[in-house]
>>> print(open('entry28.json').read())   # JSON, C-alpha atoms
[["chain", "number", "residue", "atom", "x", "y", "z"],
["L", 6, "MET", "CA", -53.84, 49.89, -7.02],
["L", 7, "THR", "CA", -50.36, 50.88, -8.17],
["L", 8, "ARG", "CA", -47.95, 49.33, -10.66],
["L", 9, "PHE", "CA", -44.40, 50.67, -10.68],
["L", 10, "PRO", "CA", -41.28, 49.62, -12.57],
["L", 11, "ARG", "CA", -38.69, 48.08, -10.27],
["L", 12, "PHE", "CA", -36.22, 50.77, -11.34],
["L", 13, "ILE", "CA", -35.65, 53.28, -14.12],
["L", 14, "GLN", "CA", -33.13, 51.88, -16.58],
["L", 15, "THR", "CA", -32.32, 55.10, -18.47],
["L", 16, "PRO", "CA", -31.94, 58.74, -17.38],
["L", 17, "ILE", "CA", -35.16, 60.73, -17.72],
["L", 18, "HIS", "CA", -34.83, 64.12, -19.43],
["L", 19, "ALA", "CA", -38.49, 65.09, -19.94],
["L", 20, "VAL", "CA", -41.76, 64.51, -18.09],
["L", 21, "PHE", "CA", -45.15, 65.03, -19.77],
["L", 22, "LEU", "CA", -48.11, 65.82, -17.51],
["L", 23, "ASP", "CA", -51.83, 65.80, -18.27],
["L", 24, "ILE", "CA", -53.85, 68.41, -16.36],
["L", 25, "ASP", "CA", -57.40, 67.34, -15.44],
["L", 26, "GLY", "CA", -57.49, 64.27, -13.23],
["L", 27, "THR", "CA", -53.68, 64.08, -13.21],
["L", 28, "LEU", "CA", -52.14, 67.37, -12.07],
["L", 29, "VAL", "CA", -55.41, 68.99, -11.06],
["L", 30, "SER", "CA", -58.09, 67.35, -8.94],
["L", 31, "PHE", "CA", -61.73, 67.66, -9.99],
["L", 32, "ARG", "CA", -62.39, 68.17, -6.29],
["L", 33, "THR", "CA", -59.99, 71.04, -5.58],
["L", 34, "HIS", "CA", -59.43, 72.44, -9.11],
["L", 35, "ALA", "CA", -55.82, 73.11, -8.15],
["L", 36, "VAL", "CA", -52.31, 71.63, -8.22],
["L", 37, "SER", "CA", -51.44, 70.46, -4.71],
["L", 38, "PRO", "CA", -48.38, 71.79, -2.83],
["L", 39, "GLN", "CA", -46.85, 68.28, -2.89],
["L", 40, "VAL", "CA", -47.08, 68.07, -6.68],
["L", 41, "ARG", "CA", -45.70, 71.59, -7.05],
["L", 42, "SER", "CA", -42.76, 70.63, -4.87],
["L", 43, "ALA", "CA", -42.08, 67.47, -6.90],
["L", 44, "ILE", "CA", -42.17, 69.38, -10.20],
["L", 45, "SER", "CA", -39.80, 72.01, -8.82],
["L", 46, "MET", "CA", -37.49, 69.22, -7.68],
["L", 47, "VAL", "CA", -37.25, 67.50, -11.08],
["L", 48, "ARG", "CA", -36.84, 70.80, -12.94],
["L", 49, "GLY", "CA", -34.01, 71.60, -10.54],
["L", 50, "LYS", "CA", -32.31, 68.43, -11.77],
["L", 51, "GLY", "CA", -32.51, 69.66, -15.37],
["L", 52, "VAL", "CA", -35.54, 67.60, -16.37],
["L", 53, "LYS", "CA", -37.89, 69.34, -18.81],
["L", 54, "VAL", "CA", -41.50, 69.46, -17.60],
["L", 55, "ILE", "CA", -44.10, 69.63, -20.39],
["L", 56, "ILE", "CA", -47.82, 70.12, -19.82],
["L", 57, "ALA", "CA", -49.85, 67.79, -22.08],
["L", 58, "THR", "CA", -53.55, 68.59, -22.12],
["L", 59, "GLY", "CA", -56.64, 68.26, -24.23],
["L", 60, "ARG", "CA", -57.58, 71.78, -23.18],
["L", 61, "PRO", "CA", -56.95, 74.63, -25.61],
["L", 62, "LEU", "CA", -54.67, 77.37, -24.31],
["L", 63, "PRO", "CA", -57.52, 79.82, -23.48],
["L", 64, "PHE", "CA", -58.93, 77.17, -21.10],
["L", 65, "VAL", "CA", -55.65, 76.47, -19.29],
["L", 66, "ASP", "CA", -56.40, 78.56, -16.23],
["L", 67, "ASN", "CA", -55.99, 76.16, -13.33],
["L", 68, "LEU", "CA", -52.21, 75.82, -12.98],
["L", 69, "GLY", "CA", -51.65, 79.04, -11.05],
["L", 70, "ASP", "CA", -48.00, 80.05, -11.01],
["L", 71, "LEU", "CA", -46.72, 76.53, -11.74],
["L", 72, "GLU", "CA", -43.49, 76.74, -13.74],
["L", 73, "TYR", "CA", -42.92, 74.42, -16.70],
["L", 74, "ASP", "CA", -40.82, 74.27, -19.85],
["L", 75, "GLY", "CA", -43.43, 73.78, -22.54],
["L", 76, "ILE", "CA", -47.09, 73.10, -23.14],
["L", 77, "MET", "CA", -48.96, 70.82, -25.52],
["L", 78, "THR", "CA", -52.61, 71.81, -25.92],
["L", 79, "VAL", "CA", -55.59, 70.42, -27.85],
["L", 80, "ASN", "CA", -54.14, 66.91, -27.73],
["L", 81, "GLY", "CA", -50.99, 67.88, -29.58],
["L", 82, "ALA", "CA", -52.52, 70.30, -32.11],
["L", 83, "CYS", "CA", -50.58, 73.17, -30.56],
["L", 84, "CYS", "CA", -47.15, 72.78, -28.96],
["L", 85, "GLN", "CA", -45.00, 75.62, -27.71],
["L", 86, "THR", "CA", -42.13, 76.22, -25.32],
["L", 87, "SER", "CA", -42.46, 78.38, -22.22],
["L", 88, "ASP", "CA", -40.89, 81.30, -24.10],
["L", 89, "GLY", "CA", -43.68, 81.13, -26.71],
["L", 90, "THR", "CA", -41.78, 79.35, -29.49],
["L", 91, "VAL", "CA", -44.37, 77.39, -31.49],
["L", 92, "ILE", "CA", -43.09, 73.96, -32.53],
["L", 93, "ARG", "CA", -46.37, 72.45, -33.80],
["L", 94, "HIS", "CA", -49.66, 73.99, -34.96],
["L", 95, "ASN", "CA", -52.33, 72.00, -36.80],
["L", 96, "PRO", "CA", -55.76, 73.69, -36.73],
["L", 97, "ILE", "CA", -59.03, 72.31, -38.11],
["L", 98, "PRO", "CA", -59.07, 72.61, -41.94],
["L", 99, "ALA", "CA", -60.93, 75.63, -43.27],
["L", 100, "GLU", "CA", -63.23, 73.48, -45.42],
["L", 101, "ASP", "CA", -64.48, 71.59, -42.35],
["L", 102, "ILE", "CA", -65.14, 74.89, -40.57],
["L", 103, "GLN", "CA", -67.13, 76.11, -43.59],
["L", 104, "MET", "CA", -69.23, 72.92, -43.63],
["L", 105, "MET", "CA", -69.83, 73.26, -39.88],
["L", 106, "VAL", "CA", -71.07, 76.84, -40.24],
["L", 107, "GLU", "CA", -73.46, 75.80, -43.01],
["L", 108, "TYR", "CA", -74.67, 72.76, -41.01],
["L", 109, "CYS", "CA", -75.28, 74.78, -37.86],
["L", 110, "HIS", "CA", -77.36, 77.37, -39.68],
["L", 111, "ALA", "CA", -79.84, 74.56, -40.37],
["L", 112, "HIS", "CA", -79.18, 72.46, -37.25],
["L", 113, "PRO", "CA", -77.98, 74.68, -34.37],
["L", 114, "LEU", "CA", -75.73, 72.90, -31.89],
["L", 115, "PRO", "CA", -74.28, 74.08, -28.57],
["L", 116, "MET", "CA", -70.54, 74.35, -29.16],
["L", 117, "ALA", "CA", -67.45, 76.07, -27.82],
["L", 118, "PHE", "CA", -64.74, 77.14, -30.28],
["L", 119, "THR", "CA", -61.14, 77.92, -29.49],
["L", 120, "SER", "CA", -58.17, 79.29, -31.39],
["L", 121, "SER", "CA", -54.71, 79.83, -29.96],
["L", 122, "ASP", "CA", -55.78, 83.06, -28.25],
["L", 123, "GLU", "CA", -59.56, 83.21, -27.84],
["L", 124, "ALA", "CA", -62.66, 81.17, -27.07],
["L", 125, "TYR", "CA", -66.36, 81.66, -27.62],
["L", 126, "SER", "CA", -69.58, 79.66, -27.81],
["L", 127, "SER", "CA", -72.58, 79.38, -30.12],
["L", 128, "PHE", "CA", -75.16, 79.01, -27.35],
["L", 129, "THR", "CA", -75.36, 77.12, -24.08],
["L", 130, "THR", "CA", -77.62, 74.52, -22.50],
["L", 131, "PRO", "CA", -77.83, 73.35, -18.87],
["L", 132, "GLU", "CA", -75.64, 70.37, -19.82],
["L", 133, "PHE", "CA", -73.06, 72.70, -21.41],
["L", 134, "ILE", "CA", -72.94, 74.84, -18.27],
["L", 135, "GLU", "CA", -72.67, 71.76, -16.02],
["L", 136, "VAL", "CA", -69.61, 70.49, -17.91],
["L", 137, "PHE", "CA", -67.83, 73.84, -17.82],
["L", 138, "ARG", "CA", -68.49, 74.09, -14.09],
["L", 139, "LEU", "CA", -67.08, 70.59, -13.62],
["L", 140, "LEU", "CA", -63.87, 71.78, -15.28],
["L", 141, "ASP", "CA", -64.00, 75.12, -13.46],
["L", 142, "ILE", "CA", -63.81, 76.97, -16.80],
["L", 143, "LYS", "CA", -65.48, 80.31, -17.40],
["L", 144, "ILE", "CA", -68.30, 80.08, -19.94],
["L", 145, "PRO", "CA", -67.00, 81.56, -23.22],
["L", 146, "PRO", "CA", -68.90, 84.58, -24.58],
["L", 147, "HIS", "CA", -71.63, 83.96, -27.15],
["L", 148, "LEU", "CA", -70.74, 85.10, -30.66],
["L", 149, "PRO", "CA", -72.19, 84.36, -34.12],
["L", 150, "ILE", "CA", -71.00, 81.05, -35.51],
["L", 151, "HIS", "CA", -69.56, 82.63, -38.65],
["L", 152, "ARG", "CA", -66.86, 84.12, -36.40],
["L", 153, "CYS", "CA", -65.13, 80.73, -36.82],
["L", 154, "LEU", "CA", -64.27, 81.47, -40.44],
["L", 155, "GLY", "CA", -60.63, 82.37, -40.92],
["L", 156, "LYS", "CA", -59.84, 82.17, -37.19],
["L", 157, "GLY", "CA", -57.57, 79.12, -37.14],
["L", 158, "ILE", "CA", -59.88, 77.09, -34.89],
["L", 159, "THR", "CA", -57.92, 74.36, -33.12],
["L", 160, "GLN", "CA", -60.74, 72.69, -31.17],
["L", 161, "ILE", "CA", -64.52, 72.49, -31.10],
["L", 162, "VAL", "CA", -66.28, 71.24, -27.98],
["L", 163, "ALA", "CA", -69.44, 69.86, -29.58],
["L", 164, "PHE", "CA", -72.39, 68.83, -27.45],
["L", 165, "ILE", "CA", -73.54, 65.95, -29.61],
["L", 166, "SER", "CA", -74.62, 62.48, -28.55],
["L", 167, "LYS", "CA", -72.48, 59.41, -28.98],
["L", 168, "GLU", "CA", -75.14, 58.05, -31.37],
["L", 169, "ASP", "CA", -75.08, 61.17, -33.59],
["L", 170, "GLU", "CA", -71.30, 61.52, -33.52],
["L", 171, "PRO", "CA", -70.41, 59.16, -36.43],
["L", 172, "ARG", "CA", -72.91, 60.80, -38.79],
["L", 173, "ILE", "CA", -71.90, 64.36, -37.91],
["L", 174, "MET", "CA", -68.21, 63.58, -38.17],
["L", 175, "GLN", "CA", -68.70, 62.04, -41.62],
["L", 176, "GLU", "CA", -70.96, 64.80, -42.95],
["L", 177, "VAL", "CA", -69.45, 67.87, -41.33],
["L", 178, "PHE", "CA", -65.91, 67.09, -40.16],
["L", 179, "PRO", "CA", -64.40, 64.61, -42.66],
["L", 180, "HIS", "CA", -60.85, 65.77, -41.94],
["L", 181, "CYS", "CA", -61.22, 65.67, -38.16],
["L", 182, "THR", "CA", -61.36, 63.20, -35.31],
["L", 183, "ALA", "CA", -63.50, 63.24, -32.18],
["L", 184, "HIS", "CA", -62.29, 62.45, -28.66],
["L", 185, "ARG", "CA", -64.95, 61.72, -26.05],
["L", 186, "TRP", "CA", -64.19, 61.51, -22.33],
["L", 187, "HIS", "CA", -67.65, 62.67, -21.18],
["L", 188, "PRO", "CA", -71.04, 61.40, -22.43],
["L", 189, "ALA", "CA", -72.31, 64.92, -23.11],
["L", 190, "PHE", "CA", -69.80, 66.10, -25.68],
["L", 191, "ALA", "CA", -66.90, 65.34, -28.00],
["L", 192, "ASP", "CA", -63.69, 67.30, -28.53],
["L", 193, "ILE", "CA", -63.26, 67.73, -32.29],
["L", 194, "ILE", "CA", -59.76, 68.38, -33.62],
["L", 195, "SER", "CA", -57.93, 68.04, -36.91],
["L", 196, "SER", "CA", -56.95, 64.48, -37.83],
["L", 197, "GLY", "CA", -53.32, 63.65, -37.17],
["L", 198, "ASN", "CA", -53.28, 65.33, -33.78],
["L", 199, "SER", "CA", -52.66, 63.36, -30.61],
["L", 200, "LYS", "CA", -50.69, 63.67, -27.41],
["L", 201, "GLU", "CA", -48.42, 61.00, -28.87],
["L", 202, "GLU", "CA", -47.62, 63.29, -31.82],
["L", 203, "GLY", "CA", -47.08, 66.17, -29.41],
["L", 204, "VAL", "CA", -44.60, 64.13, -27.38],
["L", 205, "CYS", "CA", -42.68, 63.31, -30.56],
["L", 206, "ALA", "CA", -42.63, 66.98, -31.60],
["L", 207, "PHE", "CA", -41.18, 68.05, -28.25],
["L", 208, "CYS", "CA", -38.62, 65.26, -28.26],
["L", 209, "ARG", "CA", -37.43, 66.31, -31.71],
["L", 210, "HIS", "CA", -37.25, 69.95, -30.64],
["L", 211, "LEU", "CA", -35.40, 69.14, -27.41],
["L", 212, "HIS", "CA", -33.24, 66.38, -28.95],
["L", 213, "ILE", "CA", -34.41, 63.91, -26.32],
["L", 214, "PRO", "CA", -34.90, 60.19, -27.11],
["L", 215, "LEU", "CA", -38.39, 58.87, -26.41],
["L", 216, "SER", "CA", -36.83, 56.21, -24.19],
["L", 217, "GLN", "CA", -35.69, 58.98, -21.83],
["L", 218, "THR", "CA", -39.16, 60.40, -21.20],
["L", 219, "MET", "CA", -41.94, 59.83, -18.66],
["L", 220, "ALA", "CA", -45.63, 60.73, -18.78],
["L", 221, "PHE", "CA", -48.69, 60.79, -16.52],
["L", 222, "GLY", "CA", -52.37, 60.79, -17.52],
["L", 223, "ASP", "CA", -55.84, 59.52, -16.72],
["L", 224, "GLY", "CA", -57.95, 59.79, -19.89],
["L", 225, "GLY", "CA", -58.46, 57.87, -23.10],
["L", 226, "ASN", "CA", -56.59, 60.61, -24.94],
["L", 227, "ASP", "CA", -53.53, 59.79, -22.80],
["L", 228, "ILE", "CA", -53.21, 56.12, -23.77],
["L", 229, "GLY", "CA", -51.07, 56.70, -26.85],
["L", 230, "MET", "CA", -48.78, 59.06, -24.96],
["L", 231, "LEU", "CA", -48.38, 56.67, -22.02],
["L", 232, "ASN", "CA", -47.33, 53.89, -24.37],
["L", 233, "ARG", "CA", -45.05, 56.06, -26.50],
["L", 234, "VAL", "CA", -42.81, 57.42, -23.75],
["L", 235, "GLY", "CA", -40.18, 55.43, -21.92],
["L", 236, "TYR", "CA", -42.26, 55.21, -18.74],
["L", 237, "GLY", "CA", -46.00, 55.88, -18.87],
["L", 238, "PHE", "CA", -48.07, 56.12, -15.68],
["L", 239, "ALA", "CA", -51.85, 56.11, -15.45],
["L", 240, "MET", "CA", -53.38, 57.66, -12.36],
["L", 241, "SER", "CA", -55.29, 55.13, -10.28],
["L", 242, "ASN", "CA", -58.40, 57.29, -10.75],
["L", 243, "ALA", "CA", -58.22, 56.65, -14.52],
["L", 244, "ARG", "CA", -60.90, 54.78, -16.42],
["L", 245, "PRO", "CA", -60.53, 50.98, -16.58],
["L", 246, "GLU", "CA", -59.43, 50.97, -20.23],
["L", 247, "VAL", "CA", -56.62, 53.41, -19.39],
["L", 248, "LEU", "CA", -55.49, 51.36, -16.39],
["L", 249, "ASP", "CA", -55.50, 48.21, -18.53],
["L", 250, "LYS", "CA", -53.42, 49.74, -21.33],
["L", 251, "ALA", "CA", -50.95, 51.86, -19.36],
["L", 252, "PRO", "CA", -47.56, 50.30, -18.64],
["L", 253, "PHE", "CA", -47.57, 51.55, -15.03],
["L", 254, "VAL", "CA", -50.00, 52.97, -12.46],
["L", 255, "THR", "CA", -49.43, 55.49, -9.68],
["L", 256, "GLU", "CA", -51.72, 56.73, -6.92],
["L", 257, "SER", "CA", -54.75, 58.89, -7.69],
["L", 258, "VAL", "CA", -54.69, 62.63, -8.29],
["L", 259, "ASP", "CA", -56.19, 63.19, -4.82],
["L", 260, "GLU", "CA", -53.39, 61.06, -3.33],
["L", 261, "ASP", "CA", -50.70, 63.14, -5.09],
["L", 262, "GLY", "CA", -49.85, 60.27, -7.42],
["L", 263, "VAL", "CA", -47.62, 62.42, -9.64],
["L", 264, "ALA", "CA", -45.61, 63.66, -6.68],
["L", 265, "LYS", "CA", -45.20, 60.19, -5.20],
["L", 266, "ALA", "CA", -43.87, 58.77, -8.47],
["L", 267, "LEU", "CA", -41.54, 61.71, -9.12],
["L", 268, "PHE", "CA", -40.08, 61.63, -5.61],
["L", 269, "ARG", "CA", -39.71, 57.86, -5.85],
["L", 270, "PHE", "CA", -37.63, 57.97, -9.03],
["L", 271, "PHE", "CA", -35.86, 61.35, -8.86],
["L", 272, "SER", "CA", -34.99, 61.84, -5.17]]
>>> encode(input="entry28.json", output="structure tokens")
Amino acid sequence: MTRFPRFIQTPIHAVFLDIDGTLVSFRTHAVSPQVRSAISMVRGKGVKVIIATGRPLPFVDNLGDLEYDGIMTVNGACCQTSDGTVIRHNPIPAEDIQMMVEYCHAHPLPMAFTSSDEAYSSFTTPEFIEVFRLLDIKIPPHLPIHRCLGKGITQIVAFISKEDEPRIMQEVFPHCTAHRWHPAFADIISSGNSKEEGVCAFCRHLHIPLSQTMAFGDGGNDIGMLNRVGYGFAMSNARPEVLDKAPFVTESVDEDGVAKALFRFFS
């Protein structure tokens, strides 16, 4: 199932691309040659290509030598250009980290913690290991949980149930929000972060109107972004709620949906 606009009414100056399930297949864990070629083509036309992922930067290890102009990580909490210029940084508040450390001393939870330059975990379970293998991410080293203090943590991958999530978020992370795209865990980030906010930050930095942007994604955390840009495309492998809410739909990640849309509108 695809759903394309009949034509693009305005020039496109920036394209935002989710990674997992959009650029990178869960089957191959790589960006296909066709997608690489399409990205090279649009960049050659002067279009800015921005990676837009829920992954923190230490976990972005599956793009190979793909060239891009900027990267938005942790659902907009960290945004920087390819030359390292930081244009947005909104880590989890220190008071929430302190409450989490105190909570976990009494109620240990399997978690992964990331800052802008490192990642580590409290402890792992078979479910934890299964998820990291699904994403083809190396298991972070185990370190004491108090290492979080003063580290500027941008994301916590918390292996908590959907039923326990509301209580834990209220008691431990009152200034944060949880994003869940897998039943085993939730991504916890500071409130006010979203891919939509990241898109706006890049557009301000690049002086590009939102109407002259395009985005591709497949997850619930992509919905705001897909509806904020000028032309938002869900991958056909996206969840039903994403397909229902996205303005447009392209082919699946395993059918090179990004490449097909880019070649269709930029060739």
>>> residues_around(input="entry28.json", residues="Glu256 (chain L)", least_positions_apart="6", cutoff="9 Å", atoms="all atoms listed in the file", output="MDAnalysis selection string")
chainID L and resid 6:7 239:242 262:263 265:266
>>> write_last_selection(input="entry28.json", atoms="C-alpha atoms", output="tab-separated table (two decimals), in the frame of the given file")
chain	number	residue	atom	x	y	z
L	6	MET	CA	-53.84	49.89	-7.02
L	7	THR	CA	-50.36	50.88	-8.17
L	239	ALA	CA	-51.85	56.11	-15.45
L	240	MET	CA	-53.38	57.66	-12.36
L	241	SER	CA	-55.29	55.13	-10.28
L	242	ASN	CA	-58.40	57.29	-10.75
L	262	GLY	CA	-49.85	60.27	-7.42
L	263	VAL	CA	-47.62	62.42	-9.64
L	265	LYS	CA	-45.20	60.19	-5.20
L	266	ALA	CA	-43.87	58.77	-8.47
>>> atom_distance(input="entry28.json", atom1="CA of Ala117 (chain L)", atom2="CA of Leu68 (chain L)")
21.3 Å
>>> residues_around(input="entry28.json", residues="Ser166 (chain L)", least_positions_apart="4", cutoff="7 Å", atoms="only C-alpha atoms", output="ChimeraX atom specification")
/L:170,189-190
>>> closest_residue(input="entry28.json", among="L:Ala99, L:Cys181, L:Val54, L:Leu22", to="Ile158 (chain L)", atoms="all atoms listed in the file")
L:Ala99
>>> closest_atom_pairs(input="entry28.json", of="region 10-121 of chain L", to="region 194-213 of chain L", cutoff="10 Å", atoms="only C-alpha atoms", output="tab-separated table")
residue	atom	partner	partner_atom	distance
L:Ile17	CA	L:Ile213	CA	9.2
L:His18	CA	L:Ile213	CA	6.9
L:Ala19	CA	L:Ile213	CA	7.7
L:Val20	CA	L:Val204	CA	9.7
L:Phe21	CA	L:Val204	CA	7.7
L:Asp23	CA	L:Lys200	CA	9.5
L:Lys53	CA	L:Leu211	CA	9.0
L:Ile55	CA	L:Phe207	CA	8.5
L:Ala57	CA	L:Lys200	CA	6.8
L:Thr58	CA	L:Lys200	CA	7.8
L:Gly59	CA	L:Lys200	CA	8.2
L:Gly75	CA	L:Phe207	CA	8.4
L:Ile76	CA	L:Phe207	CA	9.3
L:Met77	CA	L:Gly203	CA	6.3
L:Thr78	CA	L:Lys200	CA	8.5
L:Val79	CA	L:Ile194	CA	7.4
L:Asn80	CA	L:Lys200	CA	4.7
L:Gly81	CA	L:Gly203	CA	4.3
L:Ala82	CA	L:Asn198	CA	5.3
L:Cys83	CA	L:Gly203	CA	7.9
L:Cys84	CA	L:Gly203	CA	6.6
L:Gln85	CA	L:Phe207	CA	8.5
L:Thr86	CA	L:Phe207	CA	8.7
L:Ile92	CA	L:Ala206	CA	7.1
L:Arg93	CA	L:Ala206	CA	7.0
L:His94	CA	L:Asn198	CA	9.5
L:Asn95	CA	L:Ser195	CA	6.9
L:Pro96	CA	L:Ser195	CA	6.1
L:Ile97	CA	L:Ser195	CA	4.6
L:Pro98	CA	L:Ser195	CA	6.9
L:Asp101	CA	L:Ser195	CA	9.2
>>> closest_residue(input="entry28.json", among="L:Gln39, L:Gln14, L:Gln217, L:Gln103", to="Glu260 (chain L)", atoms="only C-alpha atoms")
L:Gln39
>>> atom_distance(input="entry28.json", atom1="CA of Pro61 (chain L)", atom2="CA of Leu267 (chain L)")
26.0 Å
>>> closest_residue(input="entry28.json", among="L:Pro149, L:Gly157, L:Gly224, L:Pro16", to="Arg244 (chain L)", atoms="all atoms listed in the file")
L:Gly224
>>> atom_distance(input="entry28.json", atom1="CA of Ser126 (chain L)", atom2="CA of Ala243 (chain L)")
28.9 Å
>>> residues_around(input="entry28.json", residues="Leu114 (chain L)", least_positions_apart="6", cutoff="12 Å", atoms="all atoms listed in the file", output="number ranges by chain")
L: 105-108, 126-130, 133, 150, 161-166, 169, 173, 190
>>> residues_around(input="entry28.json", residues="Glu246 (chain L)", least_positions_apart="6", cutoff="10 Å", atoms="all atoms listed in the file", output="ChimeraX atom specification")
/L:223-225,228
>>> residues_near_point(input="entry28.json", point="(-53.1, 53.0, -15.5)", cutoff="6 Å", atoms="all atoms listed in the file", output="list of chain:residue names")
L:Phe238, L:Ala239, L:Met240, L:Val247, L:Leu248, L:Ala251, L:Phe253, L:Val254
>>> write_last_selection(input="entry28.json", atoms="C-alpha atoms", output="CSV table (one decimal), keeping the file's coordinate frame")
chain,number,residue,atom,x,y,z
L,238,PHE,CA,-48.1,56.1,-15.7
L,239,ALA,CA,-51.8,56.1,-15.4
L,240,MET,CA,-53.4,57.7,-12.4
L,247,VAL,CA,-56.6,53.4,-19.4
L,248,LEU,CA,-55.5,51.4,-16.4
L,251,ALA,CA,-51.0,51.9,-19.4
L,253,PHE,CA,-47.6,51.6,-15.0
L,254,VAL,CA,-50.0,53.0,-12.5
>>> residues_around(input="entry28.json", residues="region 43-51 of chain L", least_positions_apart="2", cutoff="6 Å", atoms="only C-alpha atoms", output="list in words")
Val40, Arg41 and Ala264 of chain L
>>> decode(input="entry28.json", residues="region 97-148 of chain L", atoms="C-alpha atoms", output="PDB file, in the first residue's frame")
ATOM      1  CA  ILE L  97      16.955  14.462  31.611  1.00  0.00           C
ATOM      2  CA  PRO L  98      16.735  16.823  34.632  1.00  0.00           C
ATOM      3  CA  ALA L  99      19.211  16.076  37.415  1.00  0.00           C
ATOM      4  CA  GLU L 100      16.443  15.740  40.013  1.00  0.00           C
ATOM      5  CA  ASP L 101      14.797  12.929  38.033  1.00  0.00           C
ATOM      6  CA  ILE L 102      18.148  11.138  37.746  1.00  0.00           C
ATOM      7  CA  GLN L 103      18.610  11.442  41.524  1.00  0.00           C
ATOM      8  CA  MET L 104      15.144   9.980  42.174  1.00  0.00           C
ATOM      9  CA  MET L 105      15.863   7.144  39.738  1.00  0.00           C
ATOM     10  CA  VAL L 106      19.116   6.240  41.498  1.00  0.00           C
ATOM     11  CA  GLU L 107      17.336   6.171  44.861  1.00  0.00           C
ATOM     12  CA  TYR L 108      14.437   4.119  43.443  1.00  0.00           C
ATOM     13  CA  CYS L 109      16.726   1.571  41.810  1.00  0.00           C
ATOM     14  CA  HIS L 110      18.673   0.973  45.005  1.00  0.00           C
ATOM     15  CA  ALA L 111      15.425  -0.387  46.466  1.00  0.00           C
ATOM     16  CA  HIS L 112      13.889  -1.738  43.233  1.00  0.00           C
ATOM     17  CA  PRO L 113      16.637  -2.719  40.757  1.00  0.00           C
ATOM     18  CA  LEU L 114      15.592  -2.437  37.119  1.00  0.00           C
ATOM     19  CA  PRO L 115      17.425  -3.460  33.932  1.00  0.00           C
ATOM     20  CA  MET L 116      18.235  -0.198  32.169  1.00  0.00           C
ATOM     21  CA  ALA L 117      20.598   1.285  29.616  1.00  0.00           C
ATOM     22  CA  PHE L 118      21.765   4.879  30.076  1.00  0.00           C
ATOM     23  CA  THR L 119      23.230   7.150  27.447  1.00  0.00           C
ATOM     24  CA  SER L 120      24.806  10.580  27.378  1.00  0.00           C
ATOM     25  CA  SER L 121      26.093  12.347  24.293  1.00  0.00           C
ATOM     26  CA  ASP L 122      29.303  10.296  24.290  1.00  0.00           C
ATOM     27  CA  GLU L 123      28.876   7.093  26.313  1.00  0.00           C
ATOM     28  CA  ALA L 124      26.475   4.300  27.182  1.00  0.00           C
ATOM     29  CA  TYR L 125      26.268   1.746  29.953  1.00  0.00           C
ATOM     30  CA  SER L 126      23.752  -0.539  31.645  1.00  0.00           C
ATOM     31  CA  SER L 127      22.681  -1.408  35.187  1.00  0.00           C
ATOM     32  CA  PHE L 128      22.264  -5.134  34.548  1.00  0.00           C
ATOM     33  CA  THR L 129      20.810  -7.262  31.777  1.00  0.00           C
ATOM     34  CA  THR L 130      18.109  -9.884  31.399  1.00  0.00           C
ATOM     35  CA  PRO L 131      17.403 -12.274  28.502  1.00  0.00           C
ATOM     36  CA  GLU L 132      14.731  -9.835  27.290  1.00  0.00           C
ATOM     37  CA  PHE L 133      17.222  -6.942  27.417  1.00  0.00           C
ATOM     38  CA  ILE L 134      19.752  -8.928  25.380  1.00  0.00           C
ATOM     39  CA  GLU L 135      17.082  -9.985  22.861  1.00  0.00           C
ATOM     40  CA  VAL L 136      16.093  -6.360  22.184  1.00  0.00           C
ATOM     41  CA  PHE L 137      19.674  -5.184  21.723  1.00  0.00           C
ATOM     42  CA  ARG L 138      20.305  -8.056  19.315  1.00  0.00           C
ATOM     43  CA  LEU L 139      17.173  -7.092  17.375  1.00  0.00           C
ATOM     44  CA  LEU L 140      18.644  -3.610  16.942  1.00  0.00           C
ATOM     45  CA  ASP L 141      22.127  -5.007  16.314  1.00  0.00           C
ATOM     46  CA  ILE L 142      23.527  -2.851  19.137  1.00  0.00           C
ATOM     47  CA  LYS L 143      26.444  -3.926  21.301  1.00  0.00           C
ATOM     48  CA  ILE L 144      25.415  -4.507  24.920  1.00  0.00           C
ATOM     49  CA  PRO L 145      26.647  -1.510  26.951  1.00  0.00           C
ATOM     50  CA  PRO L 146      29.102  -2.274  29.765  1.00  0.00           C
ATOM     51  CA  HIS L 147      27.711  -2.745  33.271  1.00  0.00           C
ATOM     52  CA  LEU L 148      28.506   0.099  35.655  1.00  0.00           C
TER      53      LEU L 148
END
